[in-house]
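Raw protein16.cif, mmCIF, C-alpha atoms:
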data_work
loop_
_atom_site.group_PDB
_atom_site.id
_atom_site.type_symbol
_atom_site.label_atom_id
_atom_site.label_comp_id
_atom_site.auth_asym_id
_atom_site.auth_seq_id
_atom_site.Cartn_x
_atom_site.Cartn_y
_atom_site.Cartn_z
ATOM 1 C CA MET E 6 24.913 6.252 -2.629
ATOM 2 C CA ARG E 7 24.077 5.567 1.019
ATOM 3 C CA ILE E 8 21.068 3.320 1.554
ATOM 4 C CA ARG E 9 20.437 1.734 4.896
ATOM 5 C CA PRO E 10 20.289 -2.092 4.573
ATOM 6 C CA ALA E 11 16.870 -3.625 5.104
ATOM 7 C CA ARG E 12 17.980 -5.603 8.140
ATOM 8 C CA THR E 13 19.117 -2.389 9.870
ATOM 9 C CA VAL E 14 15.813 -0.632 9.242
ATOM 10 C CA ARG E 15 13.816 -3.576 10.521
ATOM 11 C CA ARG E 16 16.027 -4.122 13.569
ATOM 12 C CA ARG E 17 15.719 -0.473 14.639
ATOM 13 C CA ARG E 18 11.951 -0.524 14.157
ATOM 14 C CA LEU E 19 11.611 -3.801 16.087
ATOM 15 C CA LEU E 20 13.638 -2.422 19.010
ATOM 16 C CA THR E 21 11.429 0.672 19.054
ATOM 17 C CA THR E 22 8.292 -1.477 19.001
ATOM 18 C CA LEU E 23 9.543 -3.708 21.815
ATOM 19 C CA SER E 24 10.392 -0.663 23.937
ATOM 20 C CA VAL E 25 6.856 0.669 23.549
ATOM 21 C CA LEU E 26 5.374 -2.703 24.419
ATOM 22 C CA VAL E 27 7.480 -2.958 27.573
ATOM 23 C CA VAL E 28 6.356 0.513 28.683
ATOM 24 C CA LEU E 29 2.714 -0.380 28.099
ATOM 25 C CA GLY E 30 3.066 -3.747 29.778
ATOM 26 C CA ALA E 31 1.976 -5.524 26.604
ATOM 27 C CA THR E 32 3.128 -8.887 25.381
ATOM 28 C CA ALA E 33 6.035 -8.706 22.943
ATOM 29 C CA PRO E 34 5.733 -10.333 19.534
ATOM 30 C CA ALA E 35 7.025 -13.826 19.054
ATOM 31 C CA ALA E 36 10.787 -14.098 18.659
ATOM 32 C CA GLY E 37 11.896 -13.482 15.109
ATOM 33 C CA ALA E 38 8.716 -11.694 14.087
ATOM 34 C CA ALA E 39 9.315 -8.720 11.839
ATOM 35 C CA PRO E 40 7.403 -5.453 12.291
ATOM 36 C CA GLY E 41 4.308 -4.767 10.234
ATOM 37 C CA SER E 42 0.835 -6.196 10.143
ATOM 38 C CA SER E 43 0.142 -9.836 10.833
ATOM 39 C CA PRO E 44 -1.620 -10.927 7.647
ATOM 40 C CA GLY E 45 -3.826 -13.562 9.232
ATOM 41 C CA VAL E 46 -5.110 -11.399 12.067
ATOM 42 C CA ALA E 47 -7.969 -8.903 11.757
ATOM 43 C CA ALA E 48 -7.264 -5.274 12.581
ATOM 44 C CA ALA E 49 -8.055 -4.447 16.191
ATOM 45 C CA PRO E 50 -11.069 -2.212 16.832
ATOM 46 C CA GLY E 51 -9.982 1.399 16.540
ATOM 47 C CA ASP E 52 -6.807 0.380 14.692
ATOM 48 C CA HIS E 53 -8.003 1.670 11.337
ATOM 49 C CA ARG E 54 -5.456 2.335 8.619
ATOM 50 C CA VAL E 55 -4.735 5.653 6.942
ATOM 51 C CA VAL E 56 -2.875 4.764 3.761
ATOM 52 C CA VAL E 57 -1.228 7.274 1.426
ATOM 53 C CA TYR E 58 -0.017 6.486 -2.086
ATOM 54 C CA TYR E 59 3.199 8.327 -2.882
ATOM 55 C CA GLN E 60 3.876 8.100 -6.618
ATOM 56 C CA THR E 61 4.639 11.678 -7.606
ATOM 57 C CA GLN E 62 7.975 12.216 -5.878
ATOM 58 C CA PHE E 63 8.835 15.182 -8.101
ATOM 59 C CA ALA E 64 6.251 17.769 -9.154
ATOM 60 C CA GLY E 65 8.136 19.315 -12.030
ATOM 61 C CA ASP E 66 11.566 20.057 -10.596
ATOM 62 C CA THR E 67 10.323 20.224 -7.018
ATOM 63 C CA TYR E 68 10.924 17.255 -4.715
ATOM 64 C CA VAL E 69 7.851 16.234 -2.709
ATOM 65 C CA SER E 70 8.942 14.820 0.636
ATOM 66 C CA PRO E 71 6.732 12.437 2.650
ATOM 67 C CA ARG E 72 8.251 13.586 5.942
ATOM 68 C CA GLU E 73 5.434 15.958 6.910
ATOM 69 C CA LEU E 74 3.077 12.984 7.153
ATOM 70 C CA THR E 75 4.913 11.969 10.317
ATOM 71 C CA ASP E 76 6.444 15.298 11.360
ATOM 72 C CA ARG E 77 2.924 16.795 11.519
ATOM 73 C CA GLY E 78 1.445 13.852 13.453
ATOM 74 C CA THR E 79 -1.229 13.099 10.850
ATOM 75 C CA GLY E 80 -1.958 9.560 12.045
ATOM 76 C CA VAL E 81 -0.839 7.994 8.759
ATOM 77 C CA THR E 82 -0.169 4.266 9.152
ATOM 78 C CA ASP E 83 1.151 3.300 5.710
ATOM 79 C CA VAL E 84 2.960 5.041 2.862
ATOM 80 C CA ILE E 85 3.002 3.213 -0.477
ATOM 81 C CA VAL E 86 5.771 4.376 -2.802
ATOM 82 C CA GLY E 87 5.319 3.622 -6.480
ATOM 83 C CA ALA E 88 5.336 2.520 -9.014
ATOM 84 C CA ILE E 89 7.807 -0.339 -9.379
ATOM 85 C CA HIS E 90 7.931 -1.751 -12.912
ATOM 86 C CA LEU E 91 9.647 -4.898 -14.176
ATOM 87 C CA ASN E 92 10.566 -4.058 -17.749
ATOM 88 C CA ASP E 93 11.015 -6.240 -20.820
ATOM 89 C CA ASP E 94 14.653 -5.131 -21.172
ATOM 90 C CA GLY E 95 15.383 -6.736 -17.808
ATOM 91 C CA GLY E 96 15.584 -3.482 -15.904
ATOM 92 C CA VAL E 97 13.576 -2.380 -12.889
ATOM 93 C CA THR E 98 12.314 1.176 -12.585
ATOM 94 C CA LEU E 99 10.530 3.309 -10.049
ATOM 95 C CA ASN E 100 8.224 5.106 -12.442
ATOM 96 C CA ASP E 101 10.726 5.779 -15.260
ATOM 97 C CA THR E 102 14.007 5.742 -13.306
ATOM 98 C CA PRO E 103 16.006 2.922 -11.651
ATOM 99 C CA PRO E 104 15.164 2.966 -7.923
ATOM 100 C CA GLY E 105 18.854 3.164 -7.028
ATOM 101 C CA ASP E 106 19.395 6.345 -9.034
ATOM 102 C CA ALA E 107 20.974 9.231 -7.125
ATOM 103 C CA LYS E 108 17.835 11.355 -7.680
ATOM 104 C CA PHE E 109 16.067 9.162 -5.111
ATOM 105 C CA ASP E 110 18.721 9.376 -2.376
ATOM 106 C CA GLY E 111 16.803 12.022 -0.438
ATOM 107 C CA MET E 112 13.517 10.188 -0.878
ATOM 108 C CA TRP E 113 14.833 6.884 0.481
ATOM 109 C CA GLY E 114 16.342 8.730 3.431
ATOM 110 C CA ASP E 115 13.029 10.437 4.149
ATOM 111 C CA LEU E 116 11.138 7.148 3.865
ATOM 112 C CA ALA E 117 13.565 5.553 6.343
ATOM 113 C CA ALA E 118 12.766 8.387 8.748
ATOM 114 C CA VAL E 119 9.047 7.740 8.199
ATOM 115 C CA GLN E 120 9.665 4.080 9.099
ATOM 116 C CA ASP E 121 11.554 5.101 12.218
ATOM 117 C CA SER E 122 8.391 6.953 13.269
ATOM 118 C CA GLY E 123 6.509 3.638 13.247
ATOM 119 C CA VAL E 124 4.868 3.945 9.825
ATOM 120 C CA ARG E 125 5.086 1.096 7.319
ATOM 121 C CA VAL E 126 6.545 1.837 3.878
ATOM 122 C CA LEU E 127 5.378 -0.435 1.062
ATOM 123 C CA GLY E 128 6.330 -0.571 -2.591
ATOM 124 C CA MET E 129 3.541 -0.456 -5.170
ATOM 125 C CA VAL E 130 4.111 -2.862 -8.048
ATOM 126 C CA GLY E 131 2.422 -2.417 -11.419
ATOM 127 C CA GLY E 132 -0.521 -0.102 -11.868
ATOM 128 C CA ALA E 133 -1.696 1.348 -15.151
ATOM 129 C CA ALA E 134 1.574 0.563 -16.969
ATOM 130 C CA ALA E 135 1.085 -3.051 -18.035
ATOM 131 C CA GLY E 136 3.727 -5.745 -18.269
ATOM 132 C CA SER E 137 5.165 -6.395 -14.815
ATOM 133 C CA PHE E 138 2.643 -9.042 -13.814
ATOM 134 C CA GLN E 139 2.578 -10.686 -17.231
ATOM 135 C CA ARG E 140 6.330 -11.149 -16.875
ATOM 136 C CA LEU E 141 5.995 -12.513 -13.343
ATOM 137 C CA ASP E 142 3.282 -14.846 -14.620
ATOM 138 C CA THR E 143 5.211 -16.262 -17.576
ATOM 139 C CA ASP E 144 8.871 -15.900 -16.519
ATOM 140 C CA PHE E 145 8.812 -15.882 -12.730
ATOM 141 C CA ASP E 146 12.349 -17.175 -12.212
ATOM 142 C CA THR E 147 13.770 -14.273 -14.209
ATOM 143 C CA TYR E 148 11.715 -11.393 -12.888
ATOM 144 C CA TYR E 149 10.889 -12.251 -9.281
ATOM 145 C CA PRO E 150 14.517 -12.059 -8.061
ATOM 146 C CA ARG E 151 14.683 -8.496 -9.417
ATOM 147 C CA LEU E 152 11.606 -7.493 -7.447
ATOM 148 C CA LYS E 153 13.001 -9.198 -4.350
ATOM 149 C CA GLN E 154 16.240 -7.242 -4.711
ATOM 150 C CA VAL E 155 14.414 -3.899 -4.755
ATOM 151 C CA ILE E 156 12.475 -4.833 -1.618
ATOM 152 C CA THR E 157 15.663 -5.889 0.144
ATOM 153 C CA ASP E 158 17.841 -2.985 -1.012
ATOM 154 C CA HIS E 159 15.402 -0.363 0.216
ATOM 155 C CA GLY E 160 14.125 -2.037 3.384
ATOM 156 C CA LEU E 161 10.482 -2.060 2.343
ATOM 157 C CA ASP E 162 7.966 -3.335 4.899
ATOM 158 C CA GLY E 163 5.691 -4.780 2.228
ATOM 159 C CA VAL E 164 4.335 -4.590 -1.289
ATOM 160 C CA ASP E 165 1.072 -3.446 -2.826
ATOM 161 C CA LEU E 166 0.198 -5.534 -5.889
ATOM 162 C CA ASP E 167 -1.796 -3.315 -8.257
ATOM 163 C CA ILE E 168 -2.640 -5.823 -10.979
ATOM 164 C CA GLU E 169 -4.286 -3.928 -13.825
ATOM 165 C CA GLU E 170 -3.534 -6.511 -16.516
ATOM 166 C CA SER E 171 -4.400 -10.149 -17.099
ATOM 167 C CA MET E 172 -2.647 -12.577 -14.751
ATOM 168 C CA SER E 173 -3.441 -16.175 -13.909
ATOM 169 C CA LEU E 174 -4.737 -17.167 -10.484
ATOM 170 C CA GLY E 175 -1.856 -19.592 -10.151
ATOM 171 C CA GLY E 176 0.589 -16.818 -11.010
ATOM 172 C CA VAL E 177 -0.597 -14.387 -8.361
ATOM 173 C CA GLU E 178 -0.780 -17.156 -5.751
ATOM 174 C CA ARG E 179 2.798 -18.200 -6.558
ATOM 175 C CA LEU E 180 3.913 -14.579 -6.155
ATOM 176 C CA ILE E 181 2.162 -14.210 -2.795
ATOM 177 C CA ASP E 182 3.561 -17.525 -1.576
ATOM 178 C CA GLN E 183 7.110 -16.607 -2.535
ATOM 179 C CA LEU E 184 6.926 -13.173 -0.933
ATOM 180 C CA ARG E 185 5.606 -14.716 2.261
ATOM 181 C CA ALA E 186 8.325 -17.395 2.238
ATOM 182 C CA ASP E 187 11.121 -14.911 1.594
ATOM 183 C CA PHE E 188 10.080 -12.071 3.916
ATOM 184 C CA GLY E 189 8.126 -13.762 6.681
ATOM 185 C CA SER E 190 4.816 -13.401 8.463
ATOM 186 C CA GLY E 191 5.340 -9.745 9.405
ATOM 187 C CA PHE E 192 5.788 -8.625 5.808
ATOM 188 C CA THR E 193 2.749 -6.716 4.521
ATOM 189 C CA ILE E 194 1.186 -7.964 1.280
ATOM 190 C CA THR E 195 -1.717 -5.932 -0.056
ATOM 191 C CA LEU E 196 -3.568 -5.871 -3.369
ATOM 192 C CA ALA E 197 -5.329 -2.935 -5.036
ATOM 193 C CA PRO E 198 -8.304 -4.232 -7.008
ATOM 194 C CA VAL E 199 -11.086 -2.050 -8.314
ATOM 195 C CA ALA E 200 -13.927 -2.084 -5.791
ATOM 196 C CA THR E 201 -16.259 -4.192 -7.924
ATOM 197 C CA ALA E 202 -13.705 -7.023 -7.868
ATOM 198 C CA LEU E 203 -14.557 -7.608 -4.201
ATOM 199 C CA ASN E 204 -18.321 -7.874 -4.635
ATOM 200 C CA GLY E 205 -18.342 -10.402 -7.451
ATOM 201 C CA GLY E 206 -18.267 -7.829 -10.269
ATOM 202 C CA GLY E 207 -15.767 -6.948 -12.971
ATOM 203 C CA ASN E 208 -12.077 -6.408 -12.435
ATOM 204 C CA LEU E 209 -8.862 -5.621 -14.306
ATOM 205 C CA SER E 210 -6.739 -8.538 -13.134
ATOM 206 C CA GLY E 211 -7.994 -11.546 -15.094
ATOM 207 C CA PHE E 212 -8.555 -13.804 -12.070
ATOM 208 C CA GLY E 213 -11.386 -13.885 -9.534
ATOM 209 C CA TYR E 214 -10.763 -12.199 -6.198
ATOM 210 C CA ASP E 215 -13.344 -14.362 -4.421
ATOM 211 C CA ARG E 216 -11.309 -17.445 -5.263
ATOM 212 C CA LEU E 217 -8.011 -15.724 -4.483
ATOM 213 C CA TYR E 218 -9.260 -14.817 -1.021
ATOM 214 C CA GLU E 219 -10.541 -18.347 -0.432
ATOM 215 C CA ASP E 220 -7.115 -19.706 -1.353
ATOM 216 C CA ARG E 221 -4.745 -17.098 0.136
ATOM 217 C CA GLY E 222 -6.773 -14.917 2.502
ATOM 218 C CA ASP E 223 -4.487 -15.634 5.438
ATOM 219 C CA SER E 224 -1.485 -14.391 3.454
ATOM 220 C CA ILE E 225 -3.149 -11.177 2.243
ATOM 221 C CA SER E 226 -2.824 -8.335 4.740
ATOM 222 C CA TRP E 227 -5.636 -6.274 3.202
ATOM 223 C CA PHE E 228 -7.087 -4.874 -0.037
ATOM 224 C CA ASN E 229 -6.812 -1.208 -1.055
ATOM 225 C CA ALA E 230 -10.077 -1.217 -3.009
ATOM 226 C CA GLN E 231 -10.352 1.469 -5.715
ATOM 227 C CA PHE E 232 -13.671 3.298 -5.296
ATOM 228 C CA TYR E 233 -13.057 5.680 -8.205
ATOM 229 C CA CYS E 234 -12.536 5.981 -11.969
ATOM 230 C CA GLY E 235 -15.896 4.365 -12.606
ATOM 231 C CA TRP E 236 -15.394 1.394 -10.271
ATOM 232 C CA GLY E 237 -17.257 2.688 -7.234
ATOM 233 C CA SER E 238 -17.827 5.726 -5.059
ATOM 234 C CA LEU E 239 -17.430 6.846 -1.466
ATOM 235 C CA ASN E 240 -20.124 9.511 -1.679
ATOM 236 C CA ASP E 241 -21.893 7.273 0.820
ATOM 237 C CA THR E 242 -21.360 3.855 2.403
ATOM 238 C CA SER E 243 -23.344 1.806 -0.120
ATOM 239 C CA GLY E 244 -20.410 0.669 -2.271
ATOM 240 C CA TYR E 245 -18.435 -0.516 0.739
ATOM 241 C CA ASP E 246 -21.544 -2.101 2.230
ATOM 242 C CA GLY E 247 -21.944 -4.101 -0.973
ATOM 243 C CA ILE E 248 -18.500 -5.652 -0.556
ATOM 244 C CA ILE E 249 -19.128 -6.650 3.046
ATOM 245 C CA GLY E 250 -22.598 -7.904 2.159
ATOM 246 C CA HIS E 251 -21.064 -10.085 -0.552
ATOM 247 C CA GLY E 252 -19.696 -12.092 2.364
ATOM 248 C CA LYS E 253 -16.230 -13.021 1.103
ATOM 249 C CA VAL E 254 -13.788 -10.490 2.588
ATOM 250 C CA PRO E 255 -14.207 -9.062 6.119
ATOM 251 C CA ALA E 256 -14.237 -5.325 6.785
ATOM 252 C CA SER E 257 -10.884 -5.613 8.573
ATOM 253 C CA LYS E 258 -9.270 -6.394 5.230
ATOM 254 C CA VAL E 259 -11.064 -3.863 3.039
ATOM 255 C CA VAL E 260 -9.470 -0.407 2.975
ATOM 256 C CA ALA E 261 -11.594 2.118 1.091
ATOM 257 C CA GLY E 262 -9.480 3.737 -1.615
ATOM 258 C CA THR E 263 -10.391 7.181 -2.891
ATOM 259 C CA LEU E 264 -9.028 10.126 -4.866
ATOM 260 C CA THR E 265 -7.387 12.957 -2.964
ATOM 261 C CA ASN E 266 -7.802 15.443 -5.813
ATOM 262 C CA PRO E 267 -10.189 15.499 -8.797
ATOM 263 C CA ALA E 268 -7.175 15.866 -11.121
ATOM 264 C CA ASN E 269 -5.943 12.379 -10.178
ATOM 265 C CA CYS E 270 -8.529 10.539 -12.275
ATOM 266 C CA GLY E 271 -11.321 11.368 -14.652
ATOM 267 C CA SER E 272 -14.097 10.582 -12.182
ATOM 268 C CA GLY E 273 -14.856 9.535 -8.641
ATOM 269 C CA TYR E 274 -13.482 12.384 -6.540
ATOM 270 C CA VAL E 275 -15.419 12.930 -3.315
ATOM 271 C CA PRO E 276 -15.079 16.320 -1.553
ATOM 272 C CA VAL E 277 -13.265 16.073 1.754
ATOM 273 C CA ASP E 278 -16.255 16.960 3.930
ATOM 274 C CA THR E 279 -18.411 14.304 2.241
ATOM 275 C CA LEU E 280 -15.593 11.768 2.466
ATOM 276 C CA GLU E 281 -15.146 12.487 6.166
ATOM 277 C CA SER E 282 -18.844 11.788 6.690
ATOM 278 C CA THR E 283 -18.630 8.479 4.796
ATOM 279 C CA VAL E 284 -15.472 7.355 6.589
ATOM 280 C CA SER E 285 -16.945 8.263 9.970
ATOM 281 C CA ALA E 286 -20.124 6.338 9.152
ATOM 282 C CA LEU E 287 -18.148 3.272 8.040
ATOM 283 C CA SER E 288 -16.046 3.400 11.186
ATOM 284 C CA ALA E 289 -19.203 3.480 13.297
ATOM 285 C CA LYS E 290 -20.931 0.728 11.313
ATOM 286 C CA TYR E 291 -17.995 -1.717 11.194
ATOM 287 C CA GLN E 292 -15.985 -1.986 14.391
ATOM 288 C CA ASP E 293 -13.163 -3.612 12.406
ATOM 289 C CA PHE E 294 -13.356 -1.195 9.450
ATOM 290 C CA GLY E 295 -10.105 -1.528 7.510
ATOM 291 C CA GLY E 296 -9.539 2.184 6.948
ATOM 292 C CA VAL E 297 -9.062 4.569 4.037
ATOM 293 C CA ALA E 298 -6.430 5.011 1.316
ATOM 294 C CA GLY E 299 -5.738 8.092 -0.782
ATOM 295 C CA TRP E 300 -4.514 8.291 -4.374
ATOM 296 C CA GLU E 301 -2.227 10.178 -4.289
ATOM 297 C CA TYR E 302 -0.142 12.298 -1.899
ATOM 298 C CA PHE E 303 1.464 15.257 -3.673
ATOM 299 C CA ASN E 304 -1.672 17.314 -4.404
ATOM 300 C CA SER E 305 -4.053 16.040 -1.741
ATOM 301 C CA GLU E 306 -6.936 18.305 -0.814
ATOM 302 C CA PRO E 307 -7.811 20.246 1.241
ATOM 303 C CA GLY E 308 -4.236 21.530 1.534
ATOM 304 C CA GLY E 309 -3.261 20.869 -2.074
ATOM 305 C CA ALA E 310 0.372 20.961 -3.136
ATOM 306 C CA ALA E 311 1.230 23.420 -0.353
ATOM 307 C CA ALA E 312 0.047 21.108 2.459
ATOM 308 C CA PRO E 313 -0.812 17.645 1.089
ATOM 309 C CA TRP E 314 -0.380 16.068 4.529
ATOM 310 C CA GLU E 315 -3.690 17.623 5.664
ATOM 311 C CA TRP E 316 -5.691 14.892 3.888
ATOM 312 C CA ALA E 317 -4.293 12.186 6.171
ATOM 313 C CA ALA E 318 -4.975 14.308 9.248
ATOM 314 C CA HIS E 319 -8.600 14.798 8.183
ATOM 315 C CA MET E 320 -9.045 11.052 7.613
ATOM 316 C CA SER E 321 -7.527 10.223 11.010
ATOM 317 C CA GLY E 322 -9.998 12.613 12.575
ATOM 318 C CA ALA E 323 -12.894 11.015 10.715
ATOM 319 C CA LEU E 324 -11.815 7.605 11.964
ATOM 320 C CA GLY E 325 -11.850 8.896 15.505
#

Could you render the structure as C-alpha cells?
Amino acid sequence: MRIRPARTVRRRRLLTTLSVLVVLGATAPAAGAAPGSSPGVAAAPGDHRVVVYYQTQFAGDTYVSPRELTDRGTGVTDVIVGAIHLNDDGGVTLNDTPPGDAKFDGMWGDLAAVQDSGVRVLGMVGGAAAGSFQRLDTDFDTYYPRLKQVITDHGLDGVDLDIEESMSLGGVERLIDQLRADFGSGFTITLAPVATALNGGGNLSGFGYDRLYEDRGDSISWFNAQFYCGWGSLNDTSGYDGIIGHGKVPASKVVAGTLTNPANCGSGYVPVDTLESTVSALSAKYQDFGGVAGWEYFNSEPGGAAAPWEWAAHMSGALG
C-alpha cells in the first residue's frame, strides 16, 4: 500500500503555512515547530474551531469520503478519524480493522488531501469500546509504542483521547507527557469528556478533570465536551455557561460537542436551527469561544447522508 510518511505530510503543510505567512507579512513560527495548534496558547478571537468526528468510513458497502469538507469550503478546522483501539491480543484496529488494511487506502489518501488544505487530522483513541486506556494505564511500555506507530505511519496531526473507562490520573498524565515529548509542541492533544466532567460533576474516566487541567492544562490543546446522551445539552447556552462559570477551564479550550443526527445517540440531538442560535450566542458571549464539534460526519443533518458536509458549513456560518 502507498501511505505518505508523516514527515512528508508535515513538511508539505509547514511549507504551505510559511508561504501564507510570508504573503500576509506575519511572523513565521519558531524554527522546528510543527503545524497544528499550540497547546499552551488560547485560540485567537474569531479563530473558533469546527470539528467533525469521522468514524463511519463505510455506510454499508459505500465509502464515505471526507473530501467534500474541504472541497466545498465548509470552514472545517479539524477532522477526527476513529476509533483507534489497542486490543488485548496485541493488535491495533481502526474500528474493527487494522488501520493499514487495504480497505483504508482511499481514506488515508483523502485525509492527506484534507491536511494539504490546511485542516488538521487527528486520531480518536478509545470511545465506547473499553480496554485501550486500561491497557495504557497498566502496561504502558507494551501498548504505547503501538499507538505511536499508528500516529507516525499515517501522519496524524494529533490525537483525541476519548476515555470512557476507568483510568488513573497518573496514567493519563503519563500518556499526555509521552505524546508531547515524542511529537512536539505543535502536536494537538485533545480529550473528549462528557460535559459534566468540566463543571465538577460526574464523568466516565475515573479521574477528576479539574485536577488534570491543573496539572497538564498547558499540554492539552482543548476539550471536545460531550453535550449529549444525558450529559448536557446545547438547546441553549446554559450548559456551556456552567463550565465556564466553574472557573477551571477557559472558553478557548472548551469545544461544544453535539450530535449531528438524532440517530447517533439515544438523546441530546439539537435541531440545526436551534444549534446555530446557541453557537452564535456562545460566539458573541465568549470572544475566545473554543468552537463546536459534531458526532459524527456520515449522516450529518441538514444534508444527511447525501450531503453531510452541510453541517460544518452551517456551524461556520453560525460562528461568523

> In Å, how far is it from CA of Tyr218 (chain E) to CA of Ala317 (chain E)?
Replying inline: 28.4 Å

> Do you know which residues are at most 12 Å from Gly206 (chain E) counting all atoms listed in the file, after dropping those on the same chain fewer than 3 positions away, and could you put them as a PyMOL selection string?
Replying inline: chain E and resi 198-203+209-215+236-237+244+247-248+251

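Non-sequential neighbours of Gly322 (chain E) (distance at most 12 Å, separation of 6 or more positions within a chain, all atoms listed in the file) are Gly51, His53, Arg54, Val55, Gly78, Thr79, Gly80, Val81, Val277, Asp278, Leu280, Glu281, Ser282, Val284, Ser285, Ser288, Gly296, Val297, Glu315 and Trp316 of chain E.
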
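Nearest to Leu287 (chain E) of all the residues E:Phe63, E:Tyr58, E:Phe192, E:Tyr245 is E:Tyr245, counting only C-alpha atoms.
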
> Which neighbours of Leu180 (chain E) fall inside 9 Å, counting all atoms listed in the file, when residues of the same chain fewer than 4 positions from it are skipped, and could you give them as a ChimeraX atom specification?
Replying inline: /E:141-142,145,149,175-176,184-185

> Which residues come within 10 Å of Tyr291 (chain E), counting only C-alpha atoms, excluding same-chain residues fewer than 6 positions away, as a ChimeraX atom specification?
Replying inline: /E:50,246,249,255-257

> Restricting the calculation to only C-alpha atoms, which member of E:Gly222, E:Gly132, E:Gly114, E:Pro307 is positioned closest to Leu264 (chain E)?
Replying inline: E:Pro307

> So which residues touch region 64-73 of chain E within 10 Å, counting only C-alpha atoms, skipping near sequence neighbours fewer than 5 positions away, as a list of chain:residue names?
Replying inline: E:Val57, E:Tyr59, E:Gly78, E:Thr79, E:Val84, E:Val86, E:Lys108, E:Phe109, E:Gly111, E:Met112, E:Trp113, E:Gly114, E:Asp115, E:Leu116, E:Ala117, E:Ala118, E:Val119, E:Ser122, E:Tyr302, E:Phe303, E:Asn304, E:Ala310, E:Ala312, E:Pro313, E:Trp314, E:Glu315

Return as a compact mmCIF listing (two decimals) with C-alpha atoms, in the coordinates of the input the set of residues that the PyMOL selection byres ((chain E and resi 92) around 9) yields on the displayed structure.
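Output below, filename selection-v6.txt:
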# COMPACT_ATOMS: atom_id res chain seq x y z
CA HIS E 90 7.93 -1.75 -12.91
CA LEU E 91 9.65 -4.90 -14.18
CA ASP E 93 11.02 -6.24 -20.82
CA ASP E 94 14.65 -5.13 -21.17
CA GLY E 95 15.38 -6.74 -17.81
CA GLY E 96 15.58 -3.48 -15.90
CA VAL E 97 13.58 -2.38 -12.89
CA THR E 98 12.31 1.18 -12.58
CA GLY E 136 3.73 -5.74 -18.27
CA SER E 137 5.16 -6.40 -14.82
CA ARG E 140 6.33 -11.15 -16.88
CA TYR E 148 11.72 -11.39 -12.89

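Atom pair CA of Thr242 (chain E) / CA of Ala289 (chain E): separated by 11.1 Å.
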
Hey, could you pull the box centre and edge lengths for region 147-165 of chain E, axis-aligned, 3 Å padding per side, all listed atoms, to one decimal in Å, as lines of an AutoDock Vina configuration file?
center_x = 9.5
center_y = -7.3
center_z = -4.7
size_x = 22.8
size_y = 19.9
size_z = 25.1

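Between CA of Gly308 (chain E) and CA of Asn229 (chain E) lies a distance of 23.0 Å.
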